[in-house]
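To be precise, the following lines are input.pdb, and they hold PDB, C-alpha atoms.
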ATOM      1  CA  ALA A   1     -48.467  84.852 -64.092  1.00  0.00           C
ATOM      2  CA  MET A   2     -47.897  87.531 -61.479  1.00  0.00           C
ATOM      3  CA  ILE A   3     -51.263  86.987 -59.829  1.00  0.00           C
ATOM      4  CA  ILE A   4     -50.705  83.239 -59.538  1.00  0.00           C
ATOM      5  CA  ILE A   5     -47.296  83.844 -57.949  1.00  0.00           C
ATOM      6  CA  ALA A   6     -48.975  86.315 -55.588  1.00  0.00           C
ATOM      7  CA  ILE A   7     -51.608  83.747 -54.618  1.00  0.00           C
ATOM      8  CA  ASP A   8     -48.881  81.154 -53.985  1.00  0.00           C
ATOM      9  CA  GLU A   9     -47.096  83.627 -51.714  1.00  0.00           C
ATOM     10  CA  ALA A  10     -50.266  84.706 -49.911  1.00  0.00           C
ATOM     11  CA  PHE A  11     -51.716  81.289 -49.122  1.00  0.00           C
ATOM     12  CA  PRO A  12     -49.203  80.181 -46.437  1.00  0.00           C
ATOM     13  CA  LEU A  13     -49.192  83.684 -44.931  1.00  0.00           C
ATOM     14  CA  TYR A  14     -52.963  83.536 -44.691  1.00  0.00           C
ATOM     15  CA  CYS A  15     -52.877  80.080 -43.108  1.00  0.00           C
ATOM     16  CA  VAL A  16     -50.332  80.974 -40.426  1.00  0.00           C
ATOM     17  CA  SER A  17     -52.036  84.253 -39.464  1.00  0.00           C
ATOM     18  CA  GLN A  18     -53.846  84.476 -36.133  1.00  0.00           C
ATOM     19  CA  ASN A  19     -56.528  86.720 -37.722  1.00  0.00           C
ATOM     20  CA  ASN A  20     -57.715  84.337 -40.431  1.00  0.00           C
ATOM     21  CA  GLY A  21     -60.610  82.776 -38.552  1.00  0.00           C
ATOM     22  CA  LEU A  22     -58.569  79.574 -38.137  1.00  0.00           C
ATOM     23  CA  HIS A  23     -56.480  80.923 -35.236  1.00  0.00           C
ATOM     24  CA  GLY A  24     -53.198  80.317 -37.032  1.00  0.00           C
ATOM     25  CA  LEU A  25     -52.561  76.911 -38.511  1.00  0.00           C
ATOM     26  CA  SER A  26     -49.271  75.234 -37.678  1.00  0.00           C
ATOM     27  CA  GLU A  27     -46.567  74.620 -40.267  1.00  0.00           C
ATOM     28  CA  ARG A  28     -47.454  70.932 -40.057  1.00  0.00           C
ATOM     29  CA  ASN A  29     -51.105  71.690 -40.867  1.00  0.00           C
ATOM     30  CA  ILE A  30     -50.097  73.897 -43.784  1.00  0.00           C
ATOM     31  CA  GLY A  31     -47.860  71.106 -45.079  1.00  0.00           C
ATOM     32  CA  GLN A  32     -50.766  68.660 -44.868  1.00  0.00           C
ATOM     33  CA  ILE A  33     -53.036  71.059 -46.751  1.00  0.00           C
ATOM     34  CA  LEU A  34     -50.474  71.628 -49.491  1.00  0.00           C
ATOM     35  CA  SER A  35     -49.676  67.898 -49.743  1.00  0.00           C
ATOM     36  CA  LEU A  36     -53.320  66.987 -50.290  1.00  0.00           C
ATOM     37  CA  ALA A  37     -53.701  69.898 -52.723  1.00  0.00           C
ATOM     38  CA  GLY A  38     -50.634  68.620 -54.592  1.00  0.00           C
ATOM     39  CA  LEU A  39     -52.112  65.133 -54.765  1.00  0.00           C
ATOM     40  CA  ILE A  40     -55.373  66.504 -56.160  1.00  0.00           C
ATOM     41  CA  PHE A  41     -53.392  68.535 -58.679  1.00  0.00           C
ATOM     42  CA  ALA A  42     -51.216  65.571 -59.721  1.00  0.00           C
ATOM     43  CA  LEU A  43     -54.202  63.283 -60.200  1.00  0.00           C
ATOM     44  CA  GLY A  44     -56.418  65.776 -62.016  1.00  0.00           C
ATOM     45  CA  GLN A  45     -54.218  68.124 -64.001  1.00  0.00           C
ATOM     46  CA  TYR A  46     -53.426  66.114 -67.133  1.00  0.00           C
ATOM     47  CA  LYS A  47     -56.913  64.708 -67.665  1.00  0.00           C
ATOM     48  CA  MET A  48     -58.539  68.063 -66.997  1.00  0.00           C
ATOM     49  CA  TYR A  49     -56.116  69.923 -69.279  1.00  0.00           C
ATOM     50  CA  THR A  50     -56.663  67.570 -72.207  1.00  0.00           C
ATOM     51  CA  PHE A  51     -60.432  67.620 -71.678  1.00  0.00           C
ATOM     52  CA  VAL A  52     -60.640  71.423 -71.475  1.00  0.00           C
ATOM     53  CA  VAL A  53     -58.354  72.092 -74.467  1.00  0.00           C
ATOM     54  CA  ASP A  54     -60.065  69.433 -76.611  1.00  0.00           C
ATOM     55  CA  ARG A  55     -63.495  70.732 -75.684  1.00  0.00           C
ATOM     56  CA  PHE A  56     -62.930  74.520 -75.634  1.00  0.00           C
ATOM     57  CA  GLY A  57     -59.682  75.133 -77.527  1.00  0.00           C
ATOM     58  CA  VAL A  58     -56.672  77.157 -76.433  1.00  0.00           C
ATOM     59  CA  TYR A  59     -58.468  80.474 -75.922  1.00  0.00           C
ATOM     60  CA  GLY A  60     -61.423  78.827 -74.220  1.00  0.00           C
ATOM     61  CA  SER A  61     -59.017  77.138 -71.842  1.00  0.00           C
ATOM     62  CA  LEU A  62     -57.481  80.550 -71.105  1.00  0.00           C
ATOM     63  CA  TYR A  63     -60.927  81.813 -70.105  1.00  0.00           C
ATOM     64  CA  LEU A  64     -61.566  78.805 -67.885  1.00  0.00           C
ATOM     65  CA  GLY A  65     -58.083  79.046 -66.430  1.00  0.00           C
ATOM     66  CA  CYS A  66     -58.791  82.631 -65.378  1.00  0.00           C
ATOM     67  CA  TRP A  67     -62.273  82.047 -64.069  1.00  0.00           C
ATOM     68  CA  LEU A  68     -61.663  78.750 -62.284  1.00  0.00           C
ATOM     69  CA  GLY A  69     -57.996  79.165 -61.392  1.00  0.00           C
ATOM     70  CA  ILE A  70     -58.043  82.663 -59.951  1.00  0.00           C
ATOM     71  CA  LEU A  71     -61.584  83.716 -59.032  1.00  0.00           C
ATOM     72  CA  PRO A  72     -62.199  80.875 -56.495  1.00  0.00           C
ATOM     73  CA  VAL A  73     -59.310  82.080 -54.297  1.00  0.00           C
ATOM     74  CA  VAL A  74     -61.782  84.568 -52.849  1.00  0.00           C
ATOM     75  CA  LEU A  75     -63.356  81.498 -51.184  1.00  0.00           C
ATOM     76  CA  PHE A  76     -60.242  80.726 -49.080  1.00  0.00           C
ATOM     77  CA  PRO A  77     -61.409  82.874 -46.130  1.00  0.00           C
ATOM     78  CA  PHE A  78     -64.672  80.921 -45.976  1.00  0.00           C
ATOM     79  CA  SER A  79     -62.689  78.025 -44.480  1.00  0.00           C
ATOM     80  CA  SER A  80     -63.301  79.752 -41.147  1.00  0.00           C
ATOM     81  CA  LEU A  81     -66.939  78.642 -41.406  1.00  0.00           C
ATOM     82  CA  PHE A  82     -65.793  75.028 -41.023  1.00  0.00           C
ATOM     83  CA  TYR A  83     -63.365  75.683 -38.166  1.00  0.00           C
ATOM     84  CA  SER A  84     -63.832  74.516 -34.607  1.00  0.00           C
ATOM     85  CA  SER A  85     -61.212  74.712 -31.883  1.00  0.00           C
ATOM     86  CA  GLN A  86     -61.524  70.971 -31.268  1.00  0.00           C
ATOM     87  CA  ASN A  87     -61.203  69.932 -34.907  1.00  0.00           C
ATOM     88  CA  SER A  88     -59.685  71.964 -37.725  1.00  0.00           C
ATOM     89  CA  LYS A  89     -59.712  69.026 -40.179  1.00  0.00           C
ATOM     90  CA  TYR A  90     -62.797  70.209 -42.080  1.00  0.00           C
ATOM     91  CA  SER A  91     -61.381  73.655 -42.696  1.00  0.00           C
ATOM     92  CA  MET A  92     -58.057  72.084 -43.709  1.00  0.00           C
ATOM     93  CA  LEU A  93     -59.828  69.699 -46.106  1.00  0.00           C
ATOM     94  CA  TYR A  94     -61.778  72.626 -47.571  1.00  0.00           C
ATOM     95  CA  LEU A  95     -58.567  74.580 -48.155  1.00  0.00           C
ATOM     96  CA  ALA A  96     -56.790  71.566 -49.674  1.00  0.00           C
ATOM     97  CA  VAL A  97     -59.590  70.734 -52.111  1.00  0.00           C
ATOM     98  CA  LEU A  98     -60.070  74.375 -53.113  1.00  0.00           C
ATOM     99  CA  SER A  99     -56.326  74.888 -53.505  1.00  0.00           C
ATOM    100  CA  GLY A 100     -55.946  71.693 -55.564  1.00  0.00           C
ATOM    101  CA  PHE A 101     -58.858  72.697 -57.785  1.00  0.00           C
ATOM    102  CA  THR A 102     -57.486  76.198 -58.394  1.00  0.00           C
ATOM    103  CA  LYS A 103     -53.985  74.838 -59.076  1.00  0.00           C
ATOM    104  CA  ILE A 104     -55.369  72.568 -61.812  1.00  0.00           C
ATOM    105  CA  PHE A 105     -56.951  75.518 -63.600  1.00  0.00           C
ATOM    106  CA  GLN A 106     -53.956  77.788 -63.005  1.00  0.00           C
ATOM    107  CA  SER A 107     -51.852  75.130 -64.729  1.00  0.00           C
ATOM    108  CA  ILE A 108     -54.326  75.033 -67.598  1.00  0.00           C
ATOM    109  CA  PHE A 109     -53.977  78.809 -67.891  1.00  0.00           C
ATOM    110  CA  PHE A 110     -50.153  78.668 -67.879  1.00  0.00           C
ATOM    111  CA  SER A 111     -50.039  75.870 -70.431  1.00  0.00           C
ATOM    112  CA  SER A 112     -52.543  77.542 -72.724  1.00  0.00           C
ATOM    113  CA  ILE A 113     -50.892  80.948 -72.535  1.00  0.00           C
ATOM    114  CA  THR A 114     -47.584  79.327 -73.507  1.00  0.00           C
ATOM    115  CA  VAL A 115     -49.174  77.589 -76.492  1.00  0.00           C
ATOM    116  CA  ALA A 116     -51.036  80.745 -77.541  1.00  0.00           C
ATOM    117  CA  SER A 117     -47.900  82.896 -77.186  1.00  0.00           C
ATOM    118  CA  ASN A 118     -45.790  80.475 -79.181  1.00  0.00           C
ATOM    119  CA  ARG A 119     -48.355  80.596 -81.987  1.00  0.00           C
ATOM    120  CA  THR A 120     -48.029  84.376 -82.261  1.00  0.00           C
ATOM    121  CA  VAL A 121     -44.337  84.522 -83.161  1.00  0.00           C
ATOM    122  CA  PRO A 122     -42.228  82.896 -85.879  1.00  0.00           C
ATOM    123  CA  PRO A 123     -40.458  79.683 -84.794  1.00  0.00           C
ATOM    124  CA  GLN A 124     -37.039  81.355 -85.023  1.00  0.00           C
ATOM    125  CA  ILE A 125     -37.743  83.746 -82.145  1.00  0.00           C
ATOM    126  CA  ARG A 126     -39.811  81.512 -79.838  1.00  0.00           C
ATOM    127  CA  SER A 127     -36.851  80.770 -77.593  1.00  0.00           C
ATOM    128  CA  SER A 128     -36.138  84.492 -77.196  1.00  0.00           C
ATOM    129  CA  MET A 129     -39.779  85.193 -76.374  1.00  0.00           C
ATOM    130  CA  ASN A 130     -39.894  82.346 -73.841  1.00  0.00           C
ATOM    131  CA  GLY A 131     -36.603  83.511 -72.322  1.00  0.00           C
ATOM    132  CA  LEU A 132     -37.974  87.018 -71.938  1.00  0.00           C
ATOM    133  CA  GLY A 133     -41.089  85.583 -70.312  1.00  0.00           C
ATOM    134  CA  GLY A 134     -38.916  83.570 -67.920  1.00  0.00           C
ATOM    135  CA  LEU A 135     -36.943  86.703 -67.059  1.00  0.00           C
ATOM    136  CA  GLY A 136     -40.162  88.549 -66.253  1.00  0.00           C
ATOM    137  CA  ALA A 137     -41.410  85.661 -64.123  1.00  0.00           C
ATOM    138  CA  GLY A 138     -38.113  85.626 -62.232  1.00  0.00           C
ATOM    139  CA  ALA A 139     -38.372  89.355 -61.546  1.00  0.00           C
ATOM    140  CA  VAL A 140     -41.914  88.923 -60.256  1.00  0.00           C
ATOM    141  CA  LYS A 141     -40.805  86.044 -58.013  1.00  0.00           C
ATOM    142  CA  ALA A 142     -38.049  88.273 -56.623  1.00  0.00           C
ATOM    143  CA  VAL A 143     -40.317  91.127 -55.496  1.00  0.00           C
ATOM    144  CA  SER A 144     -43.566  89.257 -54.916  1.00  0.00           C
ATOM    145  CA  PRO A 145     -42.835  87.933 -51.395  1.00  0.00           C
ATOM    146  CA  MET A 146     -42.186  91.420 -50.059  1.00  0.00           C
ATOM    147  CA  LEU A 147     -45.139  93.094 -51.764  1.00  0.00           C
ATOM    148  CA  ILE A 148     -47.612  90.323 -50.986  1.00  0.00           C
ATOM    149  CA  GLY A 149     -46.323  90.057 -47.421  1.00  0.00           C
ATOM    150  CA  VAL A 150     -46.954  93.743 -46.829  1.00  0.00           C
ATOM    151  CA  TRP A 151     -50.359  93.615 -48.552  1.00  0.00           C
ATOM    152  CA  LEU A 152     -51.588  90.569 -46.665  1.00  0.00           C
ATOM    153  CA  ALA A 153     -50.198  91.794 -43.325  1.00  0.00           C
ATOM    154  CA  PHE A 154     -52.157  95.003 -43.854  1.00  0.00           C
ATOM    155  CA  CYS A 155     -55.377  93.135 -44.704  1.00  0.00           C
ATOM    156  CA  LEU A 156     -55.032  90.529 -41.967  1.00  0.00           C
ATOM    157  CA  SER A 157     -54.480  93.247 -39.371  1.00  0.00           C
ATOM    158  CA  TRP A 158     -58.150  94.159 -39.648  1.00  0.00           C
ATOM    159  CA  GLY A 159     -59.635  92.445 -36.628  1.00  0.00           C
ATOM    160  CA  ASP A 160     -63.207  91.634 -35.691  1.00  0.00           C
ATOM    161  CA  THR A 161     -63.176  94.306 -33.003  1.00  0.00           C
ATOM    162  CA  GLU A 162     -63.050  97.134 -35.540  1.00  0.00           C
ATOM    163  CA  TYR A 163     -65.838  95.898 -37.805  1.00  0.00           C
ATOM    164  CA  GLY A 164     -68.004  93.786 -35.521  1.00  0.00           C
ATOM    165  CA  LYS A 165     -68.127  90.012 -35.411  1.00  0.00           C
ATOM    166  CA  LEU A 166     -68.357  88.611 -38.934  1.00  0.00           C
ATOM    167  CA  PRO A 167     -68.558  84.914 -39.868  1.00  0.00           C
ATOM    168  CA  VAL A 168     -65.676  85.410 -42.316  1.00  0.00           C
ATOM    169  CA  PRO A 169     -62.717  87.647 -41.399  1.00  0.00           C
ATOM    170  CA  LEU A 170     -63.059  90.860 -43.395  1.00  0.00           C
ATOM    171  CA  GLY A 171     -59.319  91.416 -43.879  1.00  0.00           C
ATOM    172  CA  SER A 172     -58.810  87.952 -45.373  1.00  0.00           C
ATOM    173  CA  LEU A 173     -61.791  88.398 -47.629  1.00  0.00           C
ATOM    174  CA  VAL A 174     -60.596  91.787 -48.915  1.00  0.00           C
ATOM    175  CA  GLY A 175     -57.057  90.488 -49.430  1.00  0.00           C
ATOM    176  CA  PHE A 176     -58.150  87.577 -51.606  1.00  0.00           C
ATOM    177  CA  LEU A 177     -60.936  89.564 -53.297  1.00  0.00           C
ATOM    178  CA  ILE A 178     -58.319  91.934 -54.741  1.00  0.00           C
ATOM    179  CA  PHE A 179     -56.448  88.912 -56.131  1.00  0.00           C
ATOM    180  CA  ALA A 180     -59.674  87.605 -57.666  1.00  0.00           C
ATOM    181  CA  LEU A 181     -60.571  90.943 -59.268  1.00  0.00           C
ATOM    182  CA  VAL A 182     -57.338  90.902 -61.262  1.00  0.00           C
ATOM    183  CA  ILE A 183     -59.024  88.494 -63.676  1.00  0.00           C
ATOM    184  CA  LEU A 184     -61.156  91.304 -65.124  1.00  0.00           C
ATOM    185  CA  PRO A 185     -58.350  92.927 -67.144  1.00  0.00           C
ATOM    186  CA  MET A 186     -56.982  89.465 -67.932  1.00  0.00           C
ATOM    187  CA  ILE A 187     -60.327  88.432 -69.428  1.00  0.00           C
ATOM    188  CA  ALA A 188     -60.385  91.635 -71.516  1.00  0.00           C
ATOM    189  CA  VAL A 189     -56.921  90.846 -72.891  1.00  0.00           C
ATOM    190  CA  ILE A 190     -57.882  87.256 -73.689  1.00  0.00           C
ATOM    191  CA  LYS A 191     -61.041  88.466 -75.417  1.00  0.00           C
ATOM    192  CA  SER A 192     -58.985  90.839 -77.580  1.00  0.00           C
ATOM    193  CA  LEU A 193     -56.600  87.997 -78.536  1.00  0.00           C
ATOM    194  CA  ASP A 194     -59.455  85.664 -79.395  1.00  0.00           C
ATOM    195  CA  ALA A 195     -61.093  88.174 -81.745  1.00  0.00           C
TER     196      ALA A 195
END
Rewrite the coordinates I just gave you, this time as structure tokens.
Amino acid sequence: AMIIIAIDEAFPLYCVSQNNGLHGLSERNIGQILSLAGLIFALGQYKMYTFVVDRFGVYGSLYLGCWLGILPVVLFPFSSLFYSSQNSKYSMLYLAVLSGFTKIFQSIFFSSITVASNRTVPPQIRSSMNGLGGLGAGAVKAVSPMLIGVWLAFCLSWGDTEYGKLPVPLGSLVGFLIFALVILPMIAVIKSLDA
């Protein structure tokens, strides 16, 4: 859950940055991206969740939720390949579709982890376990903006002048690559639960 909260915090910071290859999107542009992503999520989440769980089961949906909900965030910086100073619509569309897609699979992960967790404890203590999980999520949401803000500011401060002209900004790529690599221990934990 922490990594998904981190991604949610990092995305608008990435979009508004002047060093993201998009020359800093406006708040209006970010709102348009997130609105389209929300529409994609709303239209696709339920059908995709039922399909994935029916087809692959709860633990299979956890795998897919990790791989397709977290790993593709490393592709966010590639939106700069579609950017032109006259028209940023293609890069915005790219970000919206990618964000909507990842949100669908992040939701599948959250739903499946809740179902899997509730299966591991007796019914009498499920509410306590879910309350403890909610407390942990609240703590992460409290510190995440500061930590992610510092991390992304550090990564986005790497300019083209230091590392030569790259088609994709290196700082953005490194920032989101670290988020994507977090799935490796998550996959190991899921594998141990599935055994």
Can you work out the spacing between atom CA of A:Arg28 and atom CA of A:Leu170 in Å, to one decimal? 25.5 Å
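Using only C-alpha atoms, the protein and nucleic acid residues lying no more than 12 Å from A:Gly24, apart from those fewer than 4 places from it along its own chain, are Pro12, Leu13, Tyr14, Cys15, Val16, Ser17, Gln18, Asn19, Asn20, Arg28, Asn29, Ile30, Ser80, Tyr83, Ser85, Ser88, Ser91, Met92 and Leu156 of chain A.
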Write a file of the selected residues as a PDB file, in the coordinates of the input, keeping C-alpha atoms.
ATOM      1  CA  PRO A  12     -49.203  80.181 -46.437  1.00  0.00           C
ATOM      2  CA  LEU A  13     -49.192  83.684 -44.931  1.00  0.00           C
ATOM      3  CA  TYR A  14     -52.963  83.536 -44.691  1.00  0.00           C
ATOM      4  CA  CYS A  15     -52.877  80.080 -43.108  1.00  0.00           C
ATOM      5  CA  VAL A  16     -50.332  80.974 -40.426  1.00  0.00           C
ATOM      6  CA  SER A  17     -52.036  84.253 -39.464  1.00  0.00           C
ATOM      7  CA  GLN A  18     -53.846  84.476 -36.133  1.00  0.00           C
ATOM      8  CA  ASN A  19     -56.528  86.720 -37.722  1.00  0.00           C
ATOM      9  CA  ASN A  20     -57.715  84.337 -40.431  1.00  0.00           C
ATOM     10  CA  ARG A  28     -47.454  70.932 -40.057  1.00  0.00           C
ATOM     11  CA  ASN A  29     -51.105  71.690 -40.867  1.00  0.00           C
ATOM     12  CA  ILE A  30     -50.097  73.897 -43.784  1.00  0.00           C
ATOM     13  CA  SER A  80     -63.301  79.752 -41.147  1.00  0.00           C
ATOM     14  CA  TYR A  83     -63.365  75.683 -38.166  1.00  0.00           C
ATOM     15  CA  SER A  85     -61.212  74.712 -31.883  1.00  0.00           C
ATOM     16  CA  SER A  88     -59.685  71.964 -37.725  1.00  0.00           C
ATOM     17  CA  SER A  91     -61.381  73.655 -42.696  1.00  0.00           C
ATOM     18  CA  MET A  92     -58.057  72.084 -43.709  1.00  0.00           C
ATOM     19  CA  LEU A 156     -55.032  90.529 -41.967  1.00  0.00           C
TER      20      LEU A 156
END
Could you jot down the atom CA of A:Leu177 to atom CA of A:Cys155 separation for me, Å, one decimal place?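 Separation of atom CA of A:Leu177 and atom CA of A:Cys155: 10.8 Å.
Closest approach to A:Leu152 among A:Val174, A:Met48, A:Leu71, A:Ala137 is made by A:Val174 (distances from all atoms listed in the file).
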Rounded to one decimal, what separation in Å do you get between atom CA of A:Ala180 and atom CA of A:Val73? 6.5 Å
Which residue out of A:Gly44, A:Phe56, A:Trp67, A:Leu93 has the minimum interatomic distance to A:Gln32 when only C-alpha atoms are used? A:Leu93
Which residues would end up in the selection if the PyMOL selection byres ((chain A and resi 34) around 12) were applied here, given that I need the answer as a PyMOL selection string? chain A and resi 8+11-12+15+27-33+35-42+92-101+103
Padded axis-aligned box of stretch 119-124 of chain A (4 Å per side), centre and edge lengths, Å, one decimal, as lines of an AutoDock Vina configuration file:
center_x = -42.7
center_y = 82.1
center_z = -83.9
size_x = 19.3
size_y = 12.8
size_z = 11.9
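Among A:Ile4, A:Ser157, A:Ile113, A:Leu193, the residue with the shortest atom-to-atom distance to A:Pro169, counting only C-alpha atoms, is A:Ser157.
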Can you pull out every residue within 10 Å of A:Asn130, counting all atoms listed in the file, but drop anything in the same chain fewer than 4 positions away, and send it as a PyMOL selection string? chain A and resi 114+117-118+125-126+134-136
Selection to disk with C-alpha atoms, as a short mmCIF file (atom, residue, chain, number, x, y, z; two decimals), keeping the file's coordinate frame:
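To be explicit, this is the file written out as selection_3.cif:
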data_model
loop_
_atom_site.label_atom_id
_atom_site.label_comp_id
_atom_site.auth_asym_id
_atom_site.auth_seq_id
_atom_site.Cartn_x
_atom_site.Cartn_y
_atom_site.Cartn_z
CA THR A 114 -47.58 79.33 -73.51
CA SER A 117 -47.90 82.90 -77.19
CA ASN A 118 -45.79 80.47 -79.18
CA ILE A 125 -37.74 83.75 -82.14
CA ARG A 126 -39.81 81.51 -79.84
CA GLY A 134 -38.92 83.57 -67.92
CA LEU A 135 -36.94 86.70 -67.06
CA GLY A 136 -40.16 88.55 -66.25
#
Given the PyMOL selection byres ((chain A and resi 186) around 12) and the file above, list the residues it selects as a compact mmCIF listing (two decimals) with C-alpha atoms, in the frame of the given file.
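The resulting file, out02.txt, is shown below:
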# COMPACT_ATOMS: atom_id res chain seq x y z
CA ALA A 1 -48.47 84.85 -64.09
CA MET A 2 -47.90 87.53 -61.48
CA ILE A 3 -51.26 86.99 -59.83
CA LEU A 62 -57.48 80.55 -71.10
CA TYR A 63 -60.93 81.81 -70.10
CA LEU A 64 -61.57 78.81 -67.89
CA GLY A 65 -58.08 79.05 -66.43
CA CYS A 66 -58.79 82.63 -65.38
CA TRP A 67 -62.27 82.05 -64.07
CA ILE A 70 -58.04 82.66 -59.95
CA LEU A 71 -61.58 83.72 -59.03
CA PHE A 109 -53.98 78.81 -67.89
CA ILE A 113 -50.89 80.95 -72.54
CA PHE A 179 -56.45 88.91 -56.13
CA ALA A 180 -59.67 87.60 -57.67
CA LEU A 181 -60.57 90.94 -59.27
CA VAL A 182 -57.34 90.90 -61.26
CA ILE A 183 -59.02 88.49 -63.68
CA LEU A 184 -61.16 91.30 -65.12
CA PRO A 185 -58.35 92.93 -67.14
CA ILE A 187 -60.33 88.43 -69.43
CA ALA A 188 -60.38 91.64 -71.52
CA VAL A 189 -56.92 90.85 -72.89
CA ILE A 190 -57.88 87.26 -73.69
CA LYS A 191 -61.04 88.47 -75.42
CA SER A 192 -58.98 90.84 -77.58
CA LEU A 193 -56.60 88.00 -78.54
